[in-house]
Structure formats: C-alpha cells, structure tokens
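Containing TSV, C-alpha atoms: run_24.tsv.
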```tsv
chain	number	residue	atom	x	y	z
A	1	MET	CA	100.28	57.26	-11.14
A	2	GLY	CA	100.08	59.13	-7.87
A	3	GLU	CA	97.98	56.37	-6.29
A	4	SER	CA	100.38	53.55	-7.24
A	5	ARG	CA	103.35	55.51	-5.88
A	6	PHE	CA	101.85	55.61	-2.36
A	7	LYS	CA	99.87	52.34	-2.43
A	8	GLY	CA	100.29	50.37	0.76
A	9	ILE	CA	101.49	53.27	2.89
A	10	GLN	CA	99.68	53.55	6.20
A	11	PRO	CA	100.01	57.22	7.30
A	12	ALA	CA	99.04	56.43	10.85
A	13	LEU	CA	102.11	54.17	11.18
A	14	LEU	CA	104.62	56.52	9.55
A	15	THR	CA	107.24	58.19	11.66
A	16	LYS	CA	107.21	61.97	11.73
A	17	ALA	CA	110.33	62.16	9.56
A	18	ALA	CA	108.94	59.65	7.03
A	19	PHE	CA	105.66	61.52	6.87
A	20	ARG	CA	107.52	64.71	6.09
A	21	ARG	CA	109.42	63.03	3.23
A	22	VAL	CA	106.23	61.55	1.79
A	23	ALA	CA	104.47	64.92	2.03
A	24	ALA	CA	107.35	66.66	0.28
A	25	LEU	CA	107.46	64.05	-2.51
A	26	LEU	CA	103.72	64.26	-3.04
A	27	LEU	CA	103.90	68.05	-3.27
A	28	LEU	CA	106.72	67.84	-5.84
A	29	ILE	CA	104.65	65.49	-7.99
A	30	LEU	CA	101.52	67.62	-7.78
A	31	SER	CA	103.42	70.88	-8.28
A	32	ALA	CA	105.91	69.85	-10.98
A	33	SER	CA	104.49	72.32	-13.43
A	34	SER	CA	104.19	75.19	-10.89
A	35	PRO	CA	106.75	78.03	-11.20
A	36	SER	CA	109.15	78.60	-8.30
A	37	TYR	CA	108.84	81.78	-6.24
A	38	SER	CA	110.78	84.69	-7.67
A	39	ASP	CA	108.97	87.99	-6.98
A	40	LYS	CA	109.06	88.44	-3.20
A	41	THR	CA	107.61	91.94	-3.25
A	42	SER	CA	104.47	91.21	-5.22
A	43	SER	CA	103.57	87.90	-3.57
A	44	ALA	CA	104.17	88.68	0.10
A	45	THR	CA	101.48	90.16	2.28
A	46	GLU	CA	101.78	93.71	3.52
A	47	GLY	CA	101.99	92.37	7.05
A	48	PHE	CA	101.10	94.42	10.09
A	49	THR	CA	101.94	98.14	10.40
A	50	ILE	CA	101.18	100.52	13.26
A	51	GLU	CA	102.28	103.83	14.74
A	52	LEU	CA	102.77	103.36	18.47
A	53	PRO	CA	102.58	106.15	21.07
A	54	ASN	CA	105.82	104.90	22.60
A	55	SER	CA	109.44	105.94	22.34
A	56	GLU	CA	111.68	104.11	19.92
A	57	ALA	CA	113.82	102.88	22.82
A	58	ASP	CA	110.83	101.23	24.51
A	59	VAL	CA	109.61	99.60	21.30
A	60	LEU	CA	113.11	98.30	20.54
A	61	THR	CA	113.29	96.77	24.01
A	62	ALA	CA	109.88	95.10	23.64
A	63	VAL	CA	110.58	93.77	20.12
A	64	GLN	CA	114.01	92.47	21.15
A	65	THR	CA	112.37	90.54	24.00
A	66	ILE	CA	109.81	88.94	21.66
A	67	ALA	CA	112.38	88.19	18.95
A	68	ASP	CA	114.47	86.31	21.54
A	69	ASP	CA	111.67	84.29	23.16
A	70	HIS	CA	111.80	81.18	20.84
A	71	ILE	CA	108.02	81.26	20.22
A	72	ILE	CA	106.12	82.14	17.04
A	73	ARG	CA	102.57	83.01	17.98
A	74	GLY	CA	99.48	82.61	15.84
A	75	THR	CA	100.60	79.37	14.20
A	76	TYR	CA	101.30	75.73	15.08
A	77	ILE	CA	102.06	72.40	13.42
A	78	TYR	CA	100.23	69.73	15.41
A	79	GLU	CA	96.69	70.02	16.71
A	80	ARG	CA	97.71	68.78	20.12
A	81	GLU	CA	100.47	71.40	20.40
A	82	LYS	CA	99.02	74.85	19.78
A	83	ILE	CA	102.31	76.63	20.57
A	84	LEU	CA	105.14	76.71	18.05
A	85	ASN	CA	108.47	76.66	19.89
A	86	ASP	CA	112.12	76.28	18.82
A	87	ALA	CA	112.32	79.56	16.92
A	88	VAL	CA	115.63	81.41	17.00
A	89	ALA	CA	116.51	85.08	16.76
A	90	GLU	CA	118.77	85.91	13.83
A	91	LYS	CA	120.47	89.06	12.59
A	92	SER	CA	119.82	88.38	8.93
A	93	SER	CA	117.32	86.50	6.76
A	94	ALA	CA	117.90	84.20	3.80
A	95	TYR	CA	114.45	85.10	2.50
A	96	PHE	CA	114.27	88.86	3.11
A	97	GLY	CA	117.90	89.61	2.33
A	98	SER	CA	119.74	92.63	3.70
A	99	TRP	CA	117.62	95.38	5.25
A	100	LYS	CA	118.22	98.72	3.56
A	101	GLY	CA	115.38	100.76	5.04
A	102	ASP	CA	115.14	103.06	8.04
A	103	GLY	CA	115.36	101.89	11.61
A	104	ARG	CA	116.37	98.53	13.01
A	105	VAL	CA	115.29	95.11	11.87
A	106	PHE	CA	114.88	91.87	13.87
A	107	TYR	CA	114.25	88.35	12.61
A	108	LYS	CA	112.80	85.27	14.29
A	109	VAL	CA	113.11	82.01	12.35
A	110	ARG	CA	111.58	78.56	12.79
A	111	ARG	CA	113.03	75.85	10.55
A	112	ASP	CA	111.59	72.40	9.75
A	113	ALA	CA	108.02	73.65	10.10
A	114	LEU	CA	105.57	71.19	8.51
A	115	ALA	CA	102.50	72.82	6.95
A	116	PRO	CA	102.15	75.49	9.68
A	117	ARG	CA	98.66	76.80	10.33
A	118	ASN	CA	97.54	80.27	9.24
A	119	PHE	CA	99.94	80.38	6.29
A	120	LYS	CA	97.92	80.21	3.08
A	121	ASN	CA	98.00	76.80	1.34
A	122	SER	CA	101.03	75.57	3.28
A	123	SER	CA	101.53	71.83	2.88
A	124	ASP	CA	105.26	71.13	2.98
A	125	ILE	CA	108.31	71.43	5.20
A	126	GLY	CA	109.91	74.84	5.27
A	127	VAL	CA	111.03	77.90	7.17
A	128	ILE	CA	108.89	80.46	8.96
A	129	THR	CA	110.47	83.91	9.15
A	130	VAL	CA	109.04	86.79	11.14
A	131	ARG	CA	110.54	90.20	10.43
A	132	TYR	CA	110.12	93.18	12.73
A	133	VAL	CA	111.09	96.69	11.62
A	134	VAL	CA	111.28	99.53	14.16
A	135	HIS	CA	112.02	103.19	13.49
A	136	ALA	CA	111.11	106.43	15.17
A	137	ALA	CA	108.26	108.41	13.59
A	138	SER	CA	108.72	111.32	16.03
A	139	ASP	CA	110.12	111.93	19.48
A	140	ALA	CA	107.05	110.34	21.03
A	141	THR	CA	105.86	107.81	18.41
A	142	THR	CA	107.41	104.79	16.75
A	143	HIS	CA	106.64	102.96	13.51
A	144	LEU	CA	106.44	99.16	13.79
A	145	GLU	CA	106.13	96.67	10.95
A	146	ILE	CA	105.68	92.91	11.37
A	147	LEU	CA	105.70	90.49	8.45
A	148	ALA	CA	105.56	86.68	8.65
A	149	VAL	CA	106.14	84.30	5.73
A	150	PHE	CA	106.55	80.57	5.26
A	151	VAL	CA	108.90	79.38	2.48
A	152	GLU	CA	108.97	75.70	1.44
A	153	ASP	CA	112.37	74.02	1.51
A	154	GLY	CA	111.99	72.06	-1.71
A	155	THR	CA	110.15	74.44	-4.00
A	156	ASN	CA	110.91	77.85	-2.44
A	157	ARG	CA	107.21	78.58	-2.73
A	158	LEU	CA	106.05	81.44	-0.57
A	159	HIS	CA	103.05	81.22	1.75
A	160	PRO	CA	102.17	84.52	3.41
A	161	SER	CA	100.50	84.62	6.79
A	162	ASN	CA	96.82	85.41	6.91
A	163	SER	CA	97.82	88.12	9.44
A	164	THR	CA	97.17	85.90	12.48
A	165	VAL	CA	100.90	85.53	13.17
A	166	GLU	CA	101.57	89.27	12.86
A	167	THR	CA	98.67	90.33	15.08
A	168	SER	CA	99.50	87.63	17.66
A	169	GLU	CA	103.13	88.73	17.82
A	170	PHE	CA	102.04	92.35	18.12
A	171	SER	CA	99.72	91.50	21.02
A	172	GLU	CA	102.71	90.15	22.93
A	173	ILE	CA	104.79	93.20	22.01
A	174	GLN	CA	101.97	95.41	23.29
A	175	ARG	CA	101.97	93.48	26.58
A	176	GLN	CA	105.71	94.04	26.85
A	177	LEU	CA	105.25	97.78	26.26
A	178	THR	CA	102.55	97.89	28.93
A	179	SER	CA	104.89	96.08	31.31
A	180	ILE	CA	107.71	98.55	30.53
A	181	GLN	CA	105.40	101.50	31.20
A	182	ARG	CA	104.11	99.89	34.39
A	183	ASP	CA	107.64	99.18	35.61
A	184	ARG	CA	108.69	102.75	34.79
A	185	GLN	CA	105.68	104.14	36.64
A	186	LEU	CA	106.38	101.88	39.61
A	187	ALA	CA	110.03	102.99	39.60
A	188	ALA	CA	108.93	106.64	39.47
A	189	GLU	CA	106.50	106.11	42.33
A	190	THR	CA	109.22	104.32	44.29
A	191	ARG	CA	111.62	107.22	43.68
A	192	GLU	CA	108.95	109.74	44.68
A	193	LYS	CA	108.22	107.76	47.83
A	194	LYS	CA	111.93	107.56	48.64
A	195	ASP	CA	112.33	111.29	47.99
A	196	ARG	CA	109.40	112.01	50.31
A	197	GLU	CA	110.89	109.76	52.97
A	198	VAL	CA	114.25	111.53	52.62
A	199	GLU	CA	112.53	114.92	52.88
A	200	GLU	CA	110.50	113.80	55.89
A	201	ALA	CA	113.62	112.37	57.54
A	202	ALA	CA	115.49	115.62	56.87
A	203	ALA	CA	112.58	117.66	58.29
A	204	LEU	CA	112.42	115.40	61.35
A	205	ALA	CA	116.18	115.68	61.85
A	206	LYS	CA	115.94	119.47	61.62
A	207	GLN	CA	113.05	119.45	64.09
A	208	ASN	CA	115.09	117.30	66.47
A	209	ARG	CA	118.07	119.63	66.10
A	210	ASP	CA	115.88	122.67	66.75
A	211	GLU	CA	114.32	121.02	69.79
A	212	ALA	CA	117.76	120.01	71.05
A	213	ALA	CA	118.97	123.58	70.57
A	214	ARG	CA	115.93	124.93	72.41
A	215	TYR	CA	116.50	122.39	75.19
A	216	GLN	CA	120.13	123.42	75.44
A	217	ASP	CA	119.11	127.08	75.55
A	218	ALA	CA	116.54	126.31	78.25
A	219	GLU	CA	119.05	124.24	80.17
A	220	SER	CA	121.60	127.02	79.92
A	221	SER	CA	118.99	129.53	81.10
A	222	LEU	CA	118.04	127.23	83.98
A	223	LYS	CA	121.65	126.85	84.98
A	224	ALA	CA	122.06	130.60	84.83
A	225	LEU	CA	118.97	131.05	86.98
A	226	GLU	CA	120.18	128.43	89.42
A	227	GLN	CA	123.55	130.14	89.56
A	228	ARG	CA	121.92	133.52	90.09
A	229	ALA	CA	119.64	132.06	92.73
A	230	ASP	CA	122.66	130.55	94.45
A	231	GLU	CA	124.41	133.89	94.27
A	232	LEU	CA	121.38	135.62	95.73
A	233	GLN	CA	121.05	132.99	98.37
A	234	HIS	CA	124.65	133.48	99.36
A	235	ALA	CA	124.12	137.24	99.33
A	236	LEU	CA	120.91	137.13	101.40
A	237	GLU	CA	121.56	134.25	103.77
A	238	VAL	CA	124.20	133.85	106.46
A	239	ARG	CA	125.05	131.16	108.99
A	240	MET	CA	125.60	131.17	112.72
A	241	PRO	CA	128.82	129.19	113.16
A	242	ASN	CA	128.72	129.25	116.98
A	243	PRO	CA	126.10	127.89	119.38
A	244	ASN	CA	123.83	130.11	121.42
A	245	THR	CA	124.07	133.12	119.15
A	246	GLU	CA	121.70	135.70	120.59
A	247	LEU	CA	118.90	136.99	118.40
A	248	LYS	CA	118.32	140.54	119.66
A	249	ALA	CA	115.10	142.56	119.55
A	250	ALA	CA	117.02	145.68	118.36
A	251	PRO	CA	120.45	146.41	116.77
A	252	PHE	CA	122.40	147.16	119.95
A	253	ARG	CA	124.03	145.06	122.63
A	254	GLY	CA	121.69	146.02	125.44
A	255	ALA	CA	118.58	145.04	123.52
A	256	ALA	CA	116.48	142.14	124.79
A	257	THR	CA	117.44	138.67	123.63
A	258	LEU	CA	114.56	137.02	121.76
A	259	THR	CA	116.14	133.58	121.47
A	260	LYS	CA	119.42	131.84	121.15
A	261	LEU	CA	120.26	130.20	117.83
A	262	PRO	CA	122.08	126.87	117.66
A	263	ALA	CA	125.29	126.46	115.73
A	264	ASN	CA	125.03	126.32	111.91
A	265	THR	CA	121.65	128.03	111.87
A	266	ASP	CA	121.01	129.74	108.52
A	267	VAL	CA	119.06	133.00	108.52
A	268	LEU	CA	117.73	135.33	105.83
A	269	VAL	CA	119.21	138.82	105.82
A	270	GLU	CA	116.50	141.48	105.44
A	271	ILE	CA	118.29	144.64	106.67
A	272	LEU	CA	121.95	145.57	106.62
A	273	THR	CA	123.60	148.14	108.88
A	274	LYS	CA	127.22	148.82	109.55
A	275	TYR	CA	127.42	146.41	112.46
A	276	TRP	CA	124.16	144.45	112.45
A	277	TYR	CA	122.00	142.24	110.25
A	278	GLY	CA	118.23	142.28	110.53
A	279	VAL	CA	117.41	138.63	109.93
A	280	GLU	CA	114.55	136.12	109.79
A	281	THR	CA	114.89	132.54	110.91
A	282	ALA	CA	113.46	129.54	109.11
A	283	ASP	CA	110.64	129.31	111.69
A	284	GLY	CA	109.64	132.96	111.13
A	285	HIS	CA	111.39	134.74	114.04
A	286	ARG	CA	112.78	138.17	113.19
A	287	GLY	CA	115.58	139.92	115.07
A	288	TRP	CA	119.08	141.20	114.89
A	289	VAL	CA	122.50	139.59	115.03
A	290	ARG	CA	125.90	141.19	114.97
A	291	ARG	CA	127.76	140.97	111.67
A	292	ASP	CA	130.81	139.54	113.41
A	293	GLN	CA	128.69	136.62	114.62
A	294	VAL	CA	127.83	135.25	111.16
A	295	VAL	CA	129.67	133.79	108.21
A	296	PRO	CA	128.65	133.48	104.53
A	297	LEU	CA	127.08	130.21	103.37
A	298	PRO	CA	129.67	127.79	102.01
```
Target format structure tokens, applied to this file:
Amino acid sequence: MGESRFKGIQPALLTKAAFRRVAALLLLILSASSPSYSDKTSSATEGFTIELPNSEADVLTAVQTIADDHIIRGTYIYEREKILNDAVAEKSSAYFGSWKGDGRVFYKVRRDALAPRNFKNSSDIGVITVRYVVHAASDATTHLEILAVFVEDGTNRLHPSNSTVETSEFSEIQRQLTSIQRDRQLAAETREKKDREVEEAAALAKQNRDEAARYQDAESSLKALEQRADELQHALEVRMPNPNTELKAAPFRGAATLTKLPANTDVLVEILTKYWYGVETADGHRGWVRRDQVVPLP
C-alpha cells in the first residue's frame, strides 16, 4: 500500500516544501501504531552538565550571547549547508514548559527543521529547542546545563540529541568566556598602564616643580649676589668727575704727582683716611686722591 501511494513520484524533482509534506505523510503511515510522546523526563537525554570556574555573571553574559546568535551548532539539515541558521532566542519553551528550578534559563529554537542531523532517528519536520540553565554553585564557580531536543510537528515524537549539539554549543560558550576573561585582563592591563602613566606624569611634574623652585632659589641667590657685588663695587670704587685729577704718591698736597687721571676715571679704593683715598687704577697704578675730588659710582 505504501508503494502505490508514492508511485510515480520523482524525489529529485520535488520542491523542498513538497518533499517535506511527502516525508511527513510517509512517517505518519509508518508510525500509525506508535504512541505519541508523553513522558518528557524519562525519554530526554541528560544533556550536558558542567561546573565552570567562572562567575555567574560571566557565564550569563556568554550564554546570553550564544542564545541570541541565531545558530544551532552540532546539527544541520542539508549536506551542502553544515550550519543551521534561523534560530531565535525565546523566553519560554512549548516543549520544556515553565522553568521552576534554580538560576536562569535561556532557550534557542529552530522551527521547520527537517530531519536534523545528530538527533536520534529524526526523519520529519519539527522544532529544535536548546535549553541553557545557569546558576551559581559558589562565589567563584557556576553550574551550566545544556539540553537539546528535536520534537516532530505531526507526531510530537521526541528525538534527543546524541550530545553533539550540547558539546558544540558549550565549545562556543567556552570561547565566549575566554574572550570575556581576555578582555577583562586587557582592560586591567590598560588601567594599570594608564595608572603608571599618571604616576609617572605626576612624578615628572613634581620633578619639574622642584627644579623650577631650585632654579628660582638659585636665581634669587644670584640676584642677591649681584646686588651685593654692586653694593660692594659702589662702596669700593669711586669716579674722578673732573679731568686731570692728580694721583699723589702720598696723602698730602705737597706729595709728588704720579699721574693725572682723565675725567670719569673709576678707581678702586684700598685705604680710607679722613681726607684721602688710597686707590688703584685699572692699569695697576696705586696712589692717593683727595676725597673731595671723587664721587660715588652712579
């Protein structure tokens, strides 16, 4: 009876939609006496379970990313397309029902999947559902469960994954966790580098301020020295305002005249008396001039 029903059909010429209808009809005929799925707990696989050495926040971030990425790994429909796309993230599941356990649950669903690979004995059109459960095991570890099932549209028969889907999804979650840790480490290194740069800049600024203060102190000292030198110079040097000022050999009027000094000649005072200065000229001549013949330097 089955042969006459499909006699004359050329599968190679069927459209994808027609092929799906034929496959579904054939499965209904062959499975008419098979009971529909009713006990989800006993028939489903245990899935994939692991304790991760990561915080719950990091695992939630990684799982959320994978649940939203529209790909179900570890299965496919057509041999030429080894990636199963068009999955959607959902907050609830028609198959699993409401989650009543600990932690948070995520679902990723792919509808209209035709006999997906790596689901045991799948041969019809149905829905693939991947469930992820995340809850903290301790402050530093997190419990992760992944379970993937395929349920036929027409018969509600359950086909559990052979664990390929769960382990493939986990591999991508693990890559996400590694990326999170790497990004955190890079951010920490960047902060440390920035902190070091700030500290170095602060140290350099302090060094510049200290050097500027020392320079100001030195400049002030130099100015003080220059002022003192100027004061000393004014105290020790005098000027001949008039031409032909006589430079005497001794401090009295009748002493011999050594030379006559031109106007504005500056001399160094070496000896002071009440009426005379013992002086030295710039060219090394020593003698005496009367105090009333000189004026202070301007």
**Prompt:** Could you work out how far atom CA of A:Leu222 lies from atom CA of A:Asp266, giving the answer in Å with one decimal?
**Reply:** 24.8 Å
**Message:** Would you compute the distance between atom CA of A:Asn242 and atom CA of A:Val295? Give it in Å to one decimal.
**Reply:**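 Result for atom CA of A:Asn242 versus atom CA of A:Val295: 9.9 Å, one decimal.
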**Item:** For A:Leu297, the nearest of the candidates A:Gln216, A:Thr265, A:Asn162, A:Gln181, counting all atoms listed in the file
**Value:** A:Thr265
**Message:** Could you list, as a ChimeraX atom specification, every residue within 7 Å of stretch 177-179 of chain A, counting all atoms listed in the file and ignoring same-chain residues fewer than 4 positions away?
**Reply:** /A:58-59,62,173,183
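Across the structure, atom CA of A:Ala136 and atom CA of A:Leu186 are spaced 25.3 Å apart.
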**Prompt:** Residues at most 7 Å from A:Val149, counting only C-alpha atoms, excluding those fewer than 2 positions away in the same chain, as a PyMOL selection string?
**Reply:** chain A and resi 128-130+147+151+158-161
Contacts of A:Glu152 within 7 Å, all atoms listed in the file, excl. fewer than 3 positions in-chain, as a tab-separated table (two decimals) with C-alpha atoms, in the coordinates of the input:
```
chain	number	residue	atom	x	y	z
A	124	ASP	CA	105.26	71.13	2.98
A	125	ILE	CA	108.31	71.43	5.20
A	126	GLY	CA	109.91	74.84	5.27
A	127	VAL	CA	111.03	77.90	7.17
A	155	THR	CA	110.15	74.44	-4.00
A	156	ASN	CA	110.91	77.85	-2.44
A	157	ARG	CA	107.21	78.58	-2.73
A	158	LEU	CA	106.05	81.44	-0.57
```
Once 4 Å is added on each side, what centre and edge lengths in Å to one decimal does the axis-aligned box around all listed atoms of stretch 68-86 of chain A have, as JSON?
```
{"center_x": 105.6, "center_y": 77.5, "center_z": 18.3, "size_x": 25.8, "size_y": 25.5, "size_z": 17.7}
```
All residues 12 Å or closer to A:Gly103, only C-alpha atoms, same chain fewer than 5 positions away omitted, as a compact mmCIF listing (two decimals) with C-alpha atoms, in the frame of the given file:
```
# COMPACT_ATOMS: atom_id res chain seq x y z
CA GLU A 56 111.68 104.11 19.92
CA ALA A 57 113.82 102.88 22.82
CA VAL A 59 109.61 99.60 21.30
CA LEU A 60 113.11 98.30 20.54
CA TYR A 132 110.12 93.18 12.73
CA VAL A 133 111.09 96.69 11.62
CA VAL A 134 111.28 99.53 14.16
CA HIS A 135 112.02 103.19 13.49
CA ALA A 136 111.11 106.43 15.17
CA ALA A 137 108.26 108.41 13.59
CA THR A 142 107.41 104.79 16.75
CA HIS A 143 106.64 102.96 13.51
CA LEU A 144 106.44 99.16 13.79
CA GLU A 145 106.13 96.67 10.95
```
Show me the residues close to (119.4, 84.8, 13.2) - anything with an atom within 9 Å, counting only C-alpha atoms - and format the list as a PDB file with C-alpha atoms, in the frame of the given file.
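Generated file (out-v7.pdb):
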```pdb
ATOM      1  CA  VAL A  88     115.630  81.410  17.000  1.00  0.00           C
ATOM      2  CA  ALA A  89     116.510  85.080  16.760  1.00  0.00           C
ATOM      3  CA  GLU A  90     118.770  85.910  13.830  1.00  0.00           C
ATOM      4  CA  LYS A  91     120.470  89.060  12.590  1.00  0.00           C
ATOM      5  CA  SER A  92     119.820  88.380   8.930  1.00  0.00           C
ATOM      6  CA  SER A  93     117.320  86.500   6.760  1.00  0.00           C
ATOM      7  CA  PHE A 106     114.880  91.870  13.870  1.00  0.00           C
ATOM      8  CA  TYR A 107     114.250  88.350  12.610  1.00  0.00           C
ATOM      9  CA  LYS A 108     112.800  85.270  14.290  1.00  0.00           C
ATOM     10  CA  VAL A 109     113.110  82.010  12.350  1.00  0.00           C
TER      11      VAL A 109
END
```
**A:Pro53, A:Gly74, A:Pro296, A:Gly287 ranked by distance to A:Pro241, top pick (using only C-alpha atoms)** =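 Smallest distance to A:Pro241 is found for A:Pro296.
Counting all atoms listed in the file and comparing A:Glu246, A:Asp195, A:Ser55, A:Thr65, the residue that lies closest to A:Gln176 is A:Thr65.
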**Request:** For A:Tyr277, list every protein, DNA or RNA residue within 6 Å, evaluated using all atoms listed in the file, and leave out those in the same chain fewer than 5 positions away; present the list as a list in words.
**Result:**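 My list of contacting residues is Ile271, Leu272, Trp288 and Val289 of chain A.
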**Asked** Hey, which of A:Ser163, A:Asn208, A:Thr281, A:Ser98 ends up closest to A:Asn118? Count only C-alpha atoms.
**Response** A:Ser163
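For the choices A:Arg196, A:Lys260, A:Arg253, A:Arg182, the atom-to-atom distance to A:Arg290 is smallest for A:Arg253 when using all atoms listed in the file.
Using all atoms listed in the file, the nearest neighbour of A:Ile146 within the list A:Tyr76, A:Phe170, A:Trp276, A:Phe119 is A:Phe170.
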